[in-house]
file entry-v1.json (JSON, C-alpha atoms and all ligand atoms)
[["chain", "number", "residue", "atom", "x", "y", "z"],
["M", 1, "MET", "CA", 0.00, 0.00, 0.00],
["M", 2, "SER", "CA", 2.71, 2.48, 1.01],
["M", 3, "PHE", "CA", 4.67, 1.48, -2.10],
["M", 4, "ILE", "CA", 1.77, 2.53, -4.28],
["M", 5, "ALA", "CA", 1.41, 5.81, -2.41],
["M", 6, "ASN", "CA", 5.13, 6.53, -2.78],
["M", 7, "THR", "CA", 5.14, 5.64, -6.45],
["M", 8, "HIS", "CA", 2.25, 8.00, -6.95],
["M", 9, "SER", "CA", 4.02, 10.92, -5.30],
["M", 10, "TYR", "CA", 7.27, 10.09, -7.15],
["M", 11, "LEU", "CA", 5.53, 10.15, -10.51],
["M", 12, "ASN", "CA", 3.87, 13.41, -9.51],
["M", 13, "GLN", "CA", 7.28, 15.03, -9.75],
["M", 14, "PHE", "CA", 7.04, 14.72, -13.53],
["M", 15, "LYS", "CA", 4.14, 17.13, -13.43],
["M", 16, "LEU", "CA", 4.74, 20.61, -14.77],
["M", 17, "ASP", "CA", 1.64, 22.31, -13.38],
["M", 18, "ASN", "CA", 2.02, 26.10, -13.03],
["M", 19, "LYS", "CA", 5.13, 26.17, -15.22],
["M", 20, "ILE", "CA", 5.32, 28.52, -18.20],
["M", 21, "ALA", "CA", 7.20, 26.97, -21.14],
["M", 22, "PHE", "CA", 8.32, 28.74, -24.31],
["M", 23, "LEU", "CA", 9.63, 26.71, -27.23],
["M", 24, "THR", "CA", 11.34, 28.42, -30.16],
["M", 25, "GLY", "CA", 10.47, 27.01, -33.59],
["M", 26, "SER", "CA", 7.80, 24.59, -32.47],
["M", 27, "THR", "CA", 5.07, 24.49, -35.11],
["M", 28, "ARG", "CA", 6.20, 21.09, -36.38],
["M", 29, "GLY", "CA", 8.76, 18.32, -35.94],
["M", 30, "LEU", "CA", 10.56, 17.74, -32.68],
["M", 31, "GLY", "CA", 9.56, 21.10, -31.17],
["M", 32, "LEU", "CA", 5.90, 20.35, -31.69],
["M", 33, "GLU", "CA", 6.21, 16.94, -30.03],
["M", 34, "ILE", "CA", 8.00, 18.49, -27.06],
["M", 35, "ALA", "CA", 5.33, 21.20, -26.86],
["M", 36, "LYS", "CA", 2.60, 18.56, -26.76],
["M", 37, "ALA", "CA", 4.34, 16.54, -24.08],
["M", 38, "LEU", "CA", 5.03, 19.57, -21.87],
["M", 39, "ALA", "CA", 1.39, 20.65, -22.21],
["M", 40, "GLN", "CA", 0.15, 17.15, -21.42],
["M", 41, "SER", "CA", 2.39, 17.21, -18.33],
["M", 42, "GLY", "CA", 0.57, 20.29, -17.09],
["M", 43, "ALA", "CA", 2.72, 23.19, -18.33],
["M", 44, "THR", "CA", 1.29, 26.32, -19.88],
["M", 45, "VAL", "CA", 2.94, 26.09, -23.27],
["M", 46, "ILE", "CA", 3.77, 28.88, -25.72],
["M", 47, "ILE", "CA", 4.63, 27.64, -29.18],
["M", 48, "ASN", "CA", 6.48, 29.72, -31.76],
["M", 49, "GLY", "CA", 6.90, 29.93, -35.51],
["M", 50, "ARG", "CA", 7.54, 32.73, -37.96],
["M", 51, "SER", "CA", 4.06, 33.42, -39.26],
["M", 52, "ARG", "CA", 0.71, 34.03, -37.62],
["M", 53, "GLU", "CA", -0.80, 31.43, -39.98],
["M", 54, "SER", "CA", 1.64, 28.67, -39.06],
["M", 55, "VAL", "CA", 1.19, 29.12, -35.31],
["M", 56, "GLN", "CA", -2.59, 29.35, -35.64],
["M", 57, "ARG", "CA", -2.69, 26.21, -37.79],
["M", 58, "CYS", "CA", -0.64, 24.43, -35.19],
["M", 59, "GLN", "CA", -2.80, 25.68, -32.30],
["M", 60, "GLN", "CA", -5.92, 24.45, -34.09],
["M", 61, "ALA", "CA", -4.40, 21.04, -34.83],
["M", 62, "LEU", "CA", -3.44, 20.68, -31.17],
["M", 63, "ALA", "CA", -6.85, 21.87, -30.00],
["M", 64, "SER", "CA", -8.41, 19.08, -32.07],
["M", 65, "GLU", "CA", -6.35, 16.68, -29.93],
["M", 66, "ASN", "CA", -7.61, 18.48, -26.82],
["M", 67, "ILE", "CA", -4.28, 20.17, -26.18],
["M", 68, "GLN", "CA", -4.52, 23.92, -25.59],
["M", 69, "VAL", "CA", -1.41, 26.02, -26.20],
["M", 70, "HIS", "CA", -0.61, 29.71, -26.51],
["M", 71, "ALA", "CA", 1.42, 31.06, -29.40],
["M", 72, "ILE", "CA", 3.80, 33.84, -30.29],
["M", 73, "HIS", "CA", 4.64, 34.35, -33.93],
["M", 74, "ALA", "CA", 8.09, 35.85, -34.23],
["M", 75, "ASP", "CA", 11.21, 35.33, -36.27],
["M", 76, "MET", "CA", 13.46, 34.18, -33.45],
["M", 77, "SER", "CA", 16.58, 34.86, -35.52],
["M", 78, "ASP", "CA", 15.81, 38.58, -35.37],
["M", 79, "PHE", "CA", 17.11, 40.28, -32.21],
["M", 80, "ALA", "CA", 14.33, 42.88, -32.09],
["M", 81, "GLN", "CA", 11.69, 40.16, -32.43],
["M", 82, "ILE", "CA", 13.35, 38.08, -29.70],
["M", 83, "VAL", "CA", 13.11, 41.04, -27.31],
["M", 84, "LYS", "CA", 9.49, 41.60, -28.34],
["M", 85, "ALA", "CA", 8.62, 37.93, -27.80],
["M", 86, "PHE", "CA", 9.94, 37.97, -24.24],
["M", 87, "LYS", "CA", 8.10, 41.21, -23.54],
["M", 88, "GLN", "CA", 4.91, 39.47, -24.71],
["M", 89, "ILE", "CA", 5.68, 36.53, -22.41],
["M", 90, "ARG", "CA", 6.25, 38.87, -19.47],
["M", 91, "ASP", "CA", 3.10, 40.88, -20.19],
["M", 92, "SER", "CA", 0.87, 37.84, -20.66],
["M", 93, "PHE", "CA", 2.33, 35.28, -18.26],
["M", 94, "GLY", "CA", 4.59, 37.23, -15.89],
["M", 95, "ARG", "CA", 7.51, 34.82, -16.20],
["M", 96, "CYS", "CA", 9.20, 32.09, -18.23],
["M", 97, "ASP", "CA", 10.10, 28.91, -16.35],
["M", 98, "ILE", "CA", 11.13, 26.63, -19.18],
["M", 99, "LEU", "CA", 12.88, 27.62, -22.40],
["M", 100, "VAL", "CA", 13.35, 25.06, -25.15],
["M", 101, "ASN", "CA", 15.91, 26.28, -27.68],
["M", 102, "ASN", "CA", 14.54, 24.17, -30.51],
["M", 103, "MET", "CA", 14.70, 26.42, -33.57],
["M", 104, "GLY", "CA", 17.28, 25.16, -36.01],
["M", 105, "ILE", "CA", 17.78, 25.16, -39.73],
["M", 106, "ARG", "CA", 19.83, 22.92, -41.97],
["M", 107, "ILE", "CA", 21.91, 23.66, -45.04],
["M", 108, "ARG", "CA", 23.64, 20.42, -46.01],
["M", 109, "LYS", "CA", 26.76, 21.41, -47.95],
["M", 110, "SER", "CA", 30.47, 20.74, -47.92],
["M", 111, "LEU", "CA", 32.62, 23.62, -46.73],
["M", 112, "ALA", "CA", 33.90, 24.14, -50.27],
["M", 113, "ASP", "CA", 30.33, 24.53, -51.55],
["M", 114, "SER", "CA", 29.12, 26.75, -48.71],
["M", 115, "THR", "CA", 28.69, 30.40, -49.58],
["M", 116, "ILE", "CA", 29.39, 33.18, -47.09],
["M", 117, "GLU", "CA", 25.62, 33.62, -46.87],
["M", 118, "ASP", "CA", 25.09, 29.91, -46.07],
["M", 119, "ILE", "CA", 27.71, 30.08, -43.33],
["M", 120, "GLN", "CA", 26.39, 33.28, -41.79],
["M", 121, "THR", "CA", 22.74, 32.19, -41.96],
["M", 122, "LEU", "CA", 23.44, 28.85, -40.30],
["M", 123, "ILE", "CA", 25.62, 30.25, -37.53],
["M", 124, "HIS", "CA", 23.29, 33.16, -36.90],
["M", 125, "THR", "CA", 20.04, 31.15, -36.84],
["M", 126, "ASN", "CA", 21.26, 28.05, -35.00],
["M", 127, "LEU", "CA", 23.70, 29.63, -32.60],
["M", 128, "THR", "CA", 23.79, 33.42, -32.23],
["M", 129, "ALA", "CA", 20.00, 33.62, -31.98],
["M", 130, "ALA", "CA", 19.97, 30.90, -29.29],
["M", 131, "VAL", "CA", 22.65, 32.78, -27.33],
["M", 132, "TYR", "CA", 20.53, 35.93, -27.36],
["M", 133, "THR", "CA", 17.27, 34.07, -26.67],
["M", 134, "SER", "CA", 18.84, 32.28, -23.69],
["M", 135, "ARG", "CA", 20.15, 35.59, -22.35],
["M", 136, "GLN", "CA", 16.64, 37.06, -22.45],
["M", 137, "ALA", "CA", 15.06, 33.99, -20.88],
["M", 138, "ALA", "CA", 17.70, 33.64, -18.17],
["M", 139, "ALA", "CA", 17.22, 37.28, -17.15],
["M", 140, "MET", "CA", 13.53, 36.53, -16.51],
["M", 141, "MET", "CA", 14.23, 33.21, -14.79],
["M", 142, "VAL", "CA", 16.69, 34.86, -12.39],
["M", 143, "GLU", "CA", 13.86, 37.01, -11.03],
["M", 144, "ASN", "CA", 11.97, 33.87, -9.91],
["M", 145, "ARG", "CA", 15.05, 31.90, -8.92],
["M", 146, "PHE", "CA", 13.88, 29.04, -11.12],
["M", 147, "GLY", "CA", 14.47, 27.98, -14.68],
["M", 148, "ARG", "CA", 15.05, 25.10, -17.02],
["M", 149, "ILE", "CA", 16.82, 25.71, -20.31],
["M", 150, "ILE", "CA", 16.81, 22.78, -22.74],
["M", 151, "SER", "CA", 18.70, 23.12, -26.02],
["M", 152, "LEU", "CA", 18.28, 20.87, -29.02],
["M", 153, "THR", "CA", 21.79, 20.11, -30.23],
["M", 154, "SER", "CA", 22.62, 17.10, -32.41],
["M", 155, "ILE", "CA", 24.84, 14.08, -32.75],
["M", 156, "ALA", "CA", 26.25, 16.10, -35.68],
["M", 157, "GLY", "CA", 29.27, 17.81, -34.24],
["M", 158, "GLU", "CA", 30.32, 14.88, -32.07],
["M", 159, "LEU", "CA", 30.18, 13.01, -35.38],
["M", 160, "ALA", "CA", 31.16, 14.54, -38.69],
["M", 161, "ARG", "CA", 29.64, 13.71, -42.04],
["M", 162, "TYR", "CA", 30.96, 14.46, -45.50],
["M", 163, "GLY", "CA", 28.97, 17.19, -47.23],
["M", 164, "ASP", "CA", 27.62, 18.72, -44.01],
["M", 165, "ALA", "CA", 30.27, 21.12, -42.74],
["M", 166, "VAL", "CA", 28.77, 24.14, -40.95],
["M", 167, "TYR", "CA", 25.67, 22.72, -39.21],
["M", 168, "PRO", "CA", 27.82, 20.62, -36.82],
["M", 169, "VAL", "CA", 29.80, 23.77, -35.96],
["M", 170, "THR", "CA", 26.58, 25.43, -34.82],
["M", 171, "LYS", "CA", 25.49, 22.43, -32.76],
["M", 172, "MET", "CA", 28.84, 22.12, -30.97],
["M", 173, "GLY", "CA", 28.60, 25.85, -30.31],
["M", 174, "LEU", "CA", 25.15, 25.31, -28.83],
["M", 175, "THR", "CA", 26.60, 22.60, -26.58],
["M", 176, "GLY", "CA", 29.15, 25.17, -25.41],
["M", 177, "LEU", "CA", 26.36, 27.66, -24.72],
["M", 178, "MET", "CA", 24.41, 25.01, -22.80],
["M", 179, "ARG", "CA", 27.44, 24.42, -20.54],
["M", 180, "ALA", "CA", 28.16, 28.14, -20.12],
["M", 181, "LEU", "CA", 24.55, 28.67, -18.99],
["M", 182, "ALA", "CA", 24.81, 25.70, -16.62],
["M", 183, "VAL", "CA", 27.81, 27.28, -14.91],
["M", 184, "GLU", "CA", 26.70, 30.91, -14.91],
["M", 185, "TYR", "CA", 23.12, 30.45, -13.74],
["M", 186, "ALA", "CA", 23.26, 27.43, -11.40],
["M", 187, "LEU", "CA", 23.19, 29.59, -8.27],
["M", 188, "HIS", "CA", 20.02, 31.26, -9.55],
["M", 189, "GLY", "CA", 18.08, 27.98, -9.53],
["M", 190, "ILE", "CA", 18.40, 27.54, -13.26],
["M", 191, "THR", "CA", 19.60, 24.36, -14.94],
["M", 192, "SER", "CA", 20.74, 24.05, -18.53],
["M", 193, "ASN", "CA", 20.92, 20.79, -20.44],
["M", 194, "ALA", "CA", 20.81, 19.55, -24.01],
["M", 195, "ILE", "CA", 19.04, 16.88, -25.98],
["M", 196, "ALA", "CA", 21.09, 15.63, -28.92],
["M", 197, "PRO", "CA", 18.85, 13.91, -31.46],
["M", 198, "GLY", "CA", 20.13, 11.44, -34.00],
["M", 199, "PRO", "CA", 18.16, 10.79, -37.19],
["M", 200, "PHE", "CA", 14.49, 11.68, -36.75],
["M", 201, "ALA", "CA", 12.00, 11.46, -39.59],
["M", 202, "THR", "CA", 10.91, 15.10, -39.49],
["M", 203, "GLU", "CA", 10.27, 17.42, -42.41],
["M", 204, "THR", "CA", 13.93, 18.51, -42.50],
["M", 205, "ASN", "CA", 14.95, 14.92, -43.22],
["M", 206, "ARG", "CA", 12.03, 13.95, -45.44],
["M", 207, "GLU", "CA", 14.07, 13.93, -48.66],
["M", 208, "LEU", "CA", 16.91, 11.95, -47.11],
["M", 209, "ALA", "CA", 14.55, 9.54, -45.32],
["M", 210, "GLN", "CA", 12.63, 8.88, -48.55],
["M", 211, "ASP", "CA", 15.73, 8.38, -50.69],
["M", 212, "PRO", "CA", 15.89, 4.59, -51.09],
["M", 213, "GLU", "CA", 19.69, 4.50, -51.28],
["M", 214, "LYS", "CA", 20.87, 7.36, -49.07],
["M", 215, "GLY", "CA", 18.06, 6.92, -46.53],
["M", 216, "ALA", "CA", 18.74, 3.21, -46.14],
["M", 217, "ALA", "CA", 22.50, 3.74, -45.91],
["M", 218, "PHE", "CA", 21.95, 6.32, -43.18],
["M", 219, "VAL", "CA", 19.72, 4.10, -41.11],
["M", 220, "ALA", "CA", 22.01, 1.10, -41.57],
["M", 221, "ARG", "CA", 24.36, 2.81, -39.11],
["M", 222, "VAL", "CA", 21.67, 2.93, -36.41],
["M", 223, "PRO", "CA", 21.74, -0.26, -34.30],
["M", 224, "MET", "CA", 17.92, -0.10, -34.08],
["M", 225, "LYS", "CA", 17.79, 0.09, -37.93],
["M", 226, "ARG", "CA", 15.14, 2.77, -38.10],
["M", 227, "TRP", "CA", 14.59, 6.52, -37.98],
["M", 228, "GLY", "CA", 13.45, 8.05, -34.72],
["M", 229, "LYS", "CA", 9.77, 8.90, -34.49],
["M", 230, "PRO", "CA", 9.39, 12.59, -33.53],
["M", 231, "GLU", "CA", 7.38, 11.67, -30.42],
["M", 232, "GLU", "CA", 10.37, 9.66, -29.14],
["M", 233, "ILE", "CA", 12.18, 12.91, -28.33],
["M", 234, "ALA", "CA", 9.63, 14.22, -25.84],
["M", 235, "GLY", "CA", 10.18, 12.08, -22.74],
["M", 236, "ALA", "CA", 13.68, 13.45, -22.17],
["M", 237, "ALA", "CA", 12.40, 17.02, -22.41],
["M", 238, "VAL", "CA", 9.66, 16.40, -19.85],
["M", 239, "PHE", "CA", 12.20, 14.72, -17.56],
["M", 240, "LEU", "CA", 14.75, 17.55, -17.87],
["M", 241, "ALA", "CA", 12.03, 20.14, -17.22],
["M", 242, "SER", "CA", 10.69, 18.26, -14.19],
["M", 243, "GLY", "CA", 11.54, 18.19, -10.51],
["M", 244, "LEU", "CA", 13.17, 14.79, -11.02],
["M", 245, "ALA", "CA", 16.03, 16.42, -12.94],
["M", 246, "SER", "CA", 16.79, 19.05, -10.29],
["M", 247, "TYR", "CA", 20.49, 18.09, -9.94],
["M", 248, "ILE", "CA", 21.15, 17.46, -13.63],
["M", 249, "ASN", "CA", 23.02, 20.44, -15.05],
["M", 250, "GLY", "CA", 25.30, 20.91, -18.05],
["M", 251, "GLN", "CA", 24.56, 17.50, -19.56],
["M", 252, "VAL", "CA", 23.66, 16.14, -22.97],
["M", 253, "ILE", "CA", 21.10, 13.35, -23.40],
["M", 254, "THR", "CA", 21.64, 11.70, -26.75],
["M", 255, "ILE", "CA", 18.60, 10.12, -28.40],
["M", 256, "ASP", "CA", 19.76, 8.31, -31.50],
["M", 257, "GLY", "CA", 18.85, 4.62, -31.30],
["M", 258, "GLY", "CA", 22.52, 3.97, -30.46],
["M", 259, "MET", "CA", 23.93, 5.47, -33.66],
["M", 260, "SER", "CA", 26.69, 7.45, -31.97],
["M", 261, "VAL", "CA", 28.07, 4.45, -30.08],
["M", 262, "ASN", "CA", 28.04, 2.12, -33.07],
["M", 263, "PHE", "CA", 31.54, 1.38, -34.31],
["G", 1, "LIG", "N1", 15.18, 16.09, -37.18],
["G", 1, "LIG", "C1", 16.30, 15.57, -36.82],
["G", 1, "LIG", "O1", 16.64, 14.43, -37.15],
["G", 1, "LIG", "C2", 17.27, 16.36, -35.96],
["G", 1, "LIG", "C3", 18.50, 15.77, -35.65],
["G", 1, "LIG", "C4", 19.37, 16.47, -34.85],
["G", 1, "LIG", "C5", 19.05, 17.71, -34.37],
["G", 1, "LIG", "N2", 17.84, 18.26, -34.69],
["G", 1, "LIG", "C6", 17.55, 19.61, -34.17],
["G", 1, "LIG", "O2", 16.27, 19.59, -33.55],
["G", 1, "LIG", "C7", 15.60, 20.84, -33.76],
["G", 1, "LIG", "C8", 14.25, 20.60, -34.43],
["G", 1, "LIG", "O3", 14.45, 19.94, -35.65],
["G", 1, "LIG", "P1", 13.22, 19.56, -36.62],
["G", 1, "LIG", "O4", 13.76, 18.60, -37.58],
["G", 1, "LIG", "O5", 12.04, 19.23, -35.80],
["G", 1, "LIG", "O6", 13.00, 20.97, -37.38],
["G", 1, "LIG", "P2", 11.87, 21.36, -38.46],
["G", 1, "LIG", "O7", 10.92, 20.25, -38.69],
["G", 1, "LIG", "O8", 12.60, 21.96, -39.62],
["G", 1, "LIG", "O9", 11.09, 22.51, -37.69],
["G", 1, "LIG", "C9", 11.69, 23.74, -37.53],
["G", 1, "LIG", "C10", 10.77, 24.65, -36.74],
["G", 1, "LIG", "O10", 11.45, 25.89, -36.56],
["G", 1, "LIG", "C11", 10.57, 26.94, -36.96],
["G", 1, "LIG", "N3", 11.44, 28.01, -37.43],
["G", 1, "LIG", "C12", 12.37, 27.98, -38.41],
["G", 1, "LIG", "N4", 12.99, 29.16, -38.50],
["G", 1, "LIG", "C13", 12.44, 29.95, -37.53],
["G", 1, "LIG", "C14", 12.67, 31.28, -37.10],
["G", 1, "LIG", "N5", 13.60, 32.05, -37.68],
["G", 1, "LIG", "N6", 11.94, 31.77, -36.07],
["G", 1, "LIG", "C15", 11.00, 31.02, -35.46],
["G", 1, "LIG", "N7", 10.75, 29.74, -35.81],
["G", 1, "LIG", "C16", 11.47, 29.22, -36.84],
["G", 1, "LIG", "C17", 9.63, 26.35, -37.97],
["G", 1, "LIG", "O11", 8.38, 27.00, -37.92],
["G", 1, "LIG", "P3", 7.79, 27.97, -39.07],
["G", 1, "LIG", "O12", 8.16, 27.37, -40.39],
["G", 1, "LIG", "O13", 6.33, 27.95, -38.73],
["G", 1, "LIG", "O14", 8.44, 29.30, -38.82],
["G", 1, "LIG", "C18", 9.47, 24.94, -37.41],
["G", 1, "LIG", "O15", 8.44, 24.91, -36.43],
["G", 1, "LIG", "C19", 16.55, 21.69, -34.60],
["G", 1, "LIG", "O16", 17.32, 22.51, -33.76],
["G", 1, "LIG", "C20", 17.43, 20.65, -35.27],
["G", 1, "LIG", "O17", 18.70, 21.17, -35.61],
["G", 1, "LIG", "C21", 16.94, 17.62, -35.49]]
call {"tool": "encode", "arguments": {"input": "entry-v1.json", "output": "structure tokens", "more": "lines below"}}
Ligand SMILES: NC(=O)c1ccc[n+]([C@@H]2O[C@H](COP(=O)([O-])OP(=O)(O)OC[C@H]3O[C@@H](n4cnc5c(N)ncnc54)[C@H](OP(=O)(O)O)[C@@H]3O)[C@@H](O)[C@H]2O)c1
result
Amino acid sequence: MSFIANTHSYLNQFKLDNKIAFLTGSTRGLGLEIAKALAQSGATVIINGRSRESVQRCQQALASENIQVHAIHADMSDFAQIVKAFKQIRDSFGRCDILVNNMGIRIRKSLADSTIEDIQTLIHTNLTAAVYTSRQAAAMMVENRFGRIISLTSIAGELARYGDAVYPVTKMGLTGLMRALAVEYALHGITSNAIAPGPFATETNRELAQDPEKGAAFVARVPMKRWGKPEEIAGAAVFLASGLASYINGQVITIDGGMSVNF
């Protein structure tokens, strides 16, 4: 009997009731799955995408699954819009408890083929924008002496792949940011961790996943011999955001079906 009672209270620590969560770039793919899971765990969730239409479409789709979320449409690679988004969060919700740095773009090119514009766009969108977004969020979290920052990095960076030169640079940079946040803000009650996905069958990877040769060759390196399903990312995010992860700080959880440990 007492075991059941204890288990119940233990599992309760996964609950995110009364927490305000903001996820950059979360109208589809992994961000959307994390948004759903945080909302289903009790958090008040604010999704984000660039256009009013895309966030509204996403809100409606979630509402049809009985999941209510708020939305801010903003280009989170634009500094002025980042500031505006956090002002909206402050005005509407008073605070931000959980930030998921999910926004990320991909330009798969070798270094030789990458233009200056490719390089600058990738580094700015995937890294510089996350640095600035985290700075804004952390400033708000400090006021409440609580925060969880979760950044979506990648196995790319730890692993290199021919024809994909700059994206891994941004993801290793994001890992560095995640650790810097972990060290700088720990005494303010804020933790910072990363989730490093392997190959997930999201829109970004649709072409690769559907290519019979390249897609199969890619997945052959995964011990589980399949692409990750987007919903398989969400459990780690809920865990890292929850009370059960209170002493986990500066760490990377890799979710890749074992790809990165396969020799
Ligand atoms: N999929 C994978 O296998 C994989 C593997 C490793 C790492 N990751 C990382 O995981 C994260 C999510 O990947 P994903 O595949 O789910 O991405 P995705 O399907 O391409 O979704 C990207 C999201 O970002 C939004 N977005 C793009 N630019 C934006 C901007 N400037 N401002 C605001 N929102 C913006 C898009 O919304 P709108 O179009 O509505 O603006 C969309 O909701 C990324 O950081 C990615 O690098 C993914």
call {"tool": "residues_near_ligand", "arguments": {"input": "entry-v1.json", "ligand": "ligand LIG 1 (chain G)", "cutoff": "7 Å", "atoms": "only C-alpha atoms and all ligand atoms", "output": "CSV table (one decimal) with C-alpha atoms, in the coordinates of the input"}}
result
chain,number,residue,atom,x,y,z
M,24,THR,CA,11.3,28.4,-30.2
M,25,GLY,CA,10.5,27.0,-33.6
M,26,SER,CA,7.8,24.6,-32.5
M,27,THR,CA,5.1,24.5,-35.1
M,28,ARG,CA,6.2,21.1,-36.4
M,29,GLY,CA,8.8,18.3,-35.9
M,30,LEU,CA,10.6,17.7,-32.7
M,31,GLY,CA,9.6,21.1,-31.2
M,48,ASN,CA,6.5,29.7,-31.8
M,49,GLY,CA,6.9,29.9,-35.5
M,50,ARG,CA,7.5,32.7,-38.0
M,51,SER,CA,4.1,33.4,-39.3
M,54,SER,CA,1.6,28.7,-39.1
M,55,VAL,CA,1.2,29.1,-35.3
M,74,ALA,CA,8.1,35.8,-34.2
M,75,ASP,CA,11.2,35.3,-36.3
M,76,MET,CA,13.5,34.2,-33.4
M,77,SER,CA,16.6,34.9,-35.5
M,102,ASN,CA,14.5,24.2,-30.5
M,103,MET,CA,14.7,26.4,-33.6
M,104,GLY,CA,17.3,25.2,-36.0
M,105,ILE,CA,17.8,25.2,-39.7
M,106,ARG,CA,19.8,22.9,-42.0
M,125,THR,CA,20.0,31.2,-36.8
M,126,ASN,CA,21.3,28.0,-35.0
M,152,LEU,CA,18.3,20.9,-29.0
M,153,THR,CA,21.8,20.1,-30.2
M,154,SER,CA,22.6,17.1,-32.4
M,155,ILE,CA,24.8,14.1,-32.8
M,156,ALA,CA,26.2,16.1,-35.7
M,196,ALA,CA,21.1,15.6,-28.9
M,197,PRO,CA,18.8,13.9,-31.5
M,198,GLY,CA,20.1,11.4,-34.0
M,199,PRO,CA,18.2,10.8,-37.2
M,200,PHE,CA,14.5,11.7,-36.8
M,201,ALA,CA,12.0,11.5,-39.6
M,202,THR,CA,10.9,15.1,-39.5
M,203,GLU,CA,10.3,17.4,-42.4
M,204,THR,CA,13.9,18.5,-42.5
M,205,ASN,CA,15.0,14.9,-43.2
call {"tool": "residues_around", "arguments": {"input": "entry-v1.json", "residues": "Val142 (chain M)", "least_positions_apart": "6", "cutoff": "9 Å", "atoms": "all atoms listed in the file", "output": "number ranges by chain"}}
result
M: 185, 188-190
call {"tool": "atom_distance", "arguments": {"input": "entry-v1.json", "atom1": "CA of Asp113 (chain M)", "atom2": "CA of Gly163 (chain M)"}}
result
8.6 Å
call {"tool": "residues_around", "arguments": {"input": "entry-v1.json", "residues": "Ala237 (chain M)", "least_positions_apart": "5", "cutoff": "10 Å", "atoms": "all atoms listed in the file", "output": "PyMOL selection string"}}
result
chain M and resi 33-35+37-38+100+149-152+193-195+242+253
call {"tool": "write_last_selection", "arguments": {"input": "entry-v1.json", "atoms": "C-alpha atoms", "output": "PDB file, in the coordinates of the input"}}
result
ATOM      1  CA  GLU M  33       6.210  16.940 -30.030  1.00  0.00           C
ATOM      2  CA  ILE M  34       8.000  18.490 -27.060  1.00  0.00           C
ATOM      3  CA  ALA M  35       5.330  21.200 -26.860  1.00  0.00           C
ATOM      4  CA  ALA M  37       4.340  16.540 -24.080  1.00  0.00           C
ATOM      5  CA  LEU M  38       5.030  19.570 -21.870  1.00  0.00           C
ATOM      6  CA  VAL M 100      13.350  25.060 -25.150  1.00  0.00           C
ATOM      7  CA  ILE M 149      16.820  25.710 -20.310  1.00  0.00           C
ATOM      8  CA  ILE M 150      16.810  22.780 -22.740  1.00  0.00           C
ATOM      9  CA  SER M 151      18.700  23.120 -26.020  1.00  0.00           C
ATOM     10  CA  LEU M 152      18.280  20.870 -29.020  1.00  0.00           C
ATOM     11  CA  ASN M 193      20.920  20.790 -20.440  1.00  0.00           C
ATOM     12  CA  ALA M 194      20.810  19.550 -24.010  1.00  0.00           C
ATOM     13  CA  ILE M 195      19.040  16.880 -25.980  1.00  0.00           C
ATOM     14  CA  SER M 242      10.690  18.260 -14.190  1.00  0.00           C
ATOM     15  CA  ILE M 253      21.100  13.350 -23.400  1.00  0.00           C
TER      16      ILE M 253
END
call {"tool": "axis_aligned_box", "arguments": {"input": "entry-v1.json", "around": "region 152-171 of chain M", "padding_each_side": "5 Å", "output": "JSON"}}
result
{"center_x": 24.7, "center_y": 19.2, "center_z": -38.1, "size_x": 22.9, "size_y": 22.4, "size_z": 28.2}
call {"tool": "atom_distance", "arguments": {"input": "entry-v1.json", "atom1": "CA of Asp17 (chain M)", "atom2": "CA of Ala43 (chain M)"}}
result
5.1 Å
call {"tool": "atom_distance", "arguments": {"input": "entry-v1.json", "atom1": "CA of Val222 (chain M)", "atom2": "CA of Ile255 (chain M)"}}
result
11.2 Å
call {"tool": "residues_around", "arguments": {"input": "entry-v1.json", "residues": "Lys36 (chain M)", "least_positions_apart": "5", "cutoff": "10 Å", "atoms": "all atoms listed in the file", "output": "tab-separated table (two decimals) with C-alpha atoms, in the frame of the given file"}}
result
chain	number	residue	atom	x	y	z
M	26	SER	CA	7.80	24.59	-32.47
M	30	LEU	CA	10.56	17.74	-32.68
M	31	GLY	CA	9.56	21.10	-31.17
M	41	SER	CA	2.39	17.21	-18.33
M	43	ALA	CA	2.72	23.19	-18.33
M	45	VAL	CA	2.94	26.09	-23.27
M	47	ILE	CA	4.63	27.64	-29.18
M	62	LEU	CA	-3.44	20.68	-31.17
M	65	GLU	CA	-6.35	16.68	-29.93
M	67	ILE	CA	-4.28	20.17	-26.18
M	68	GLN	CA	-4.52	23.92	-25.59
M	69	VAL	CA	-1.41	26.02	-26.20
M	231	GLU	CA	7.38	11.67	-30.42
M	234	ALA	CA	9.63	14.22	-25.84
call {"tool": "closest_residue", "arguments": {"input": "entry-v1.json", "among": "M:Ala130, M:Ala139, M:Ile98, M:Ala21", "to": "Ile72 (chain M)", "atoms": "all atoms listed in the file"}}
result
M:Ala21
call {"tool": "closest_atom_pairs", "arguments": {"input": "entry-v1.json", "of": "region 197-256 of chain M", "to": "region 164-180 of chain M", "cutoff": "12 Å", "atoms": "only C-alpha atoms", "output": "tab-separated table"}}
result
residue	atom	partner	partner_atom	distance
M:Pro197	CA	M:Lys171	CA	10.9
M:Ile248	CA	M:Arg179	CA	11.7
M:Asn249	CA	M:Arg179	CA	8.1
M:Gly250	CA	M:Arg179	CA	4.8
M:Gln251	CA	M:Arg179	CA	7.6
M:Val252	CA	M:Thr175	CA	8.0
M:Ile253	CA	M:Thr175	CA	11.2
M:Thr254	CA	M:Thr175	CA	12.0
call {"tool": "closest_residue", "arguments": {"input": "entry-v1.json", "among": "M:Val261, M:Ile233, M:Ile82, M:Ala61", "to": "Leu159 (chain M)", "atoms": "all atoms listed in the file"}}
result
M:Val261
call {"tool": "residues_around", "arguments": {"input": "entry-v1.json", "residues": "region 8-14 of chain M", "least_positions_apart": "3", "cutoff": "12 Å", "atoms": "all atoms listed in the file", "output": "PyMOL selection string"}}
result
chain M and resi 1-5+17+19+37-43+235-246
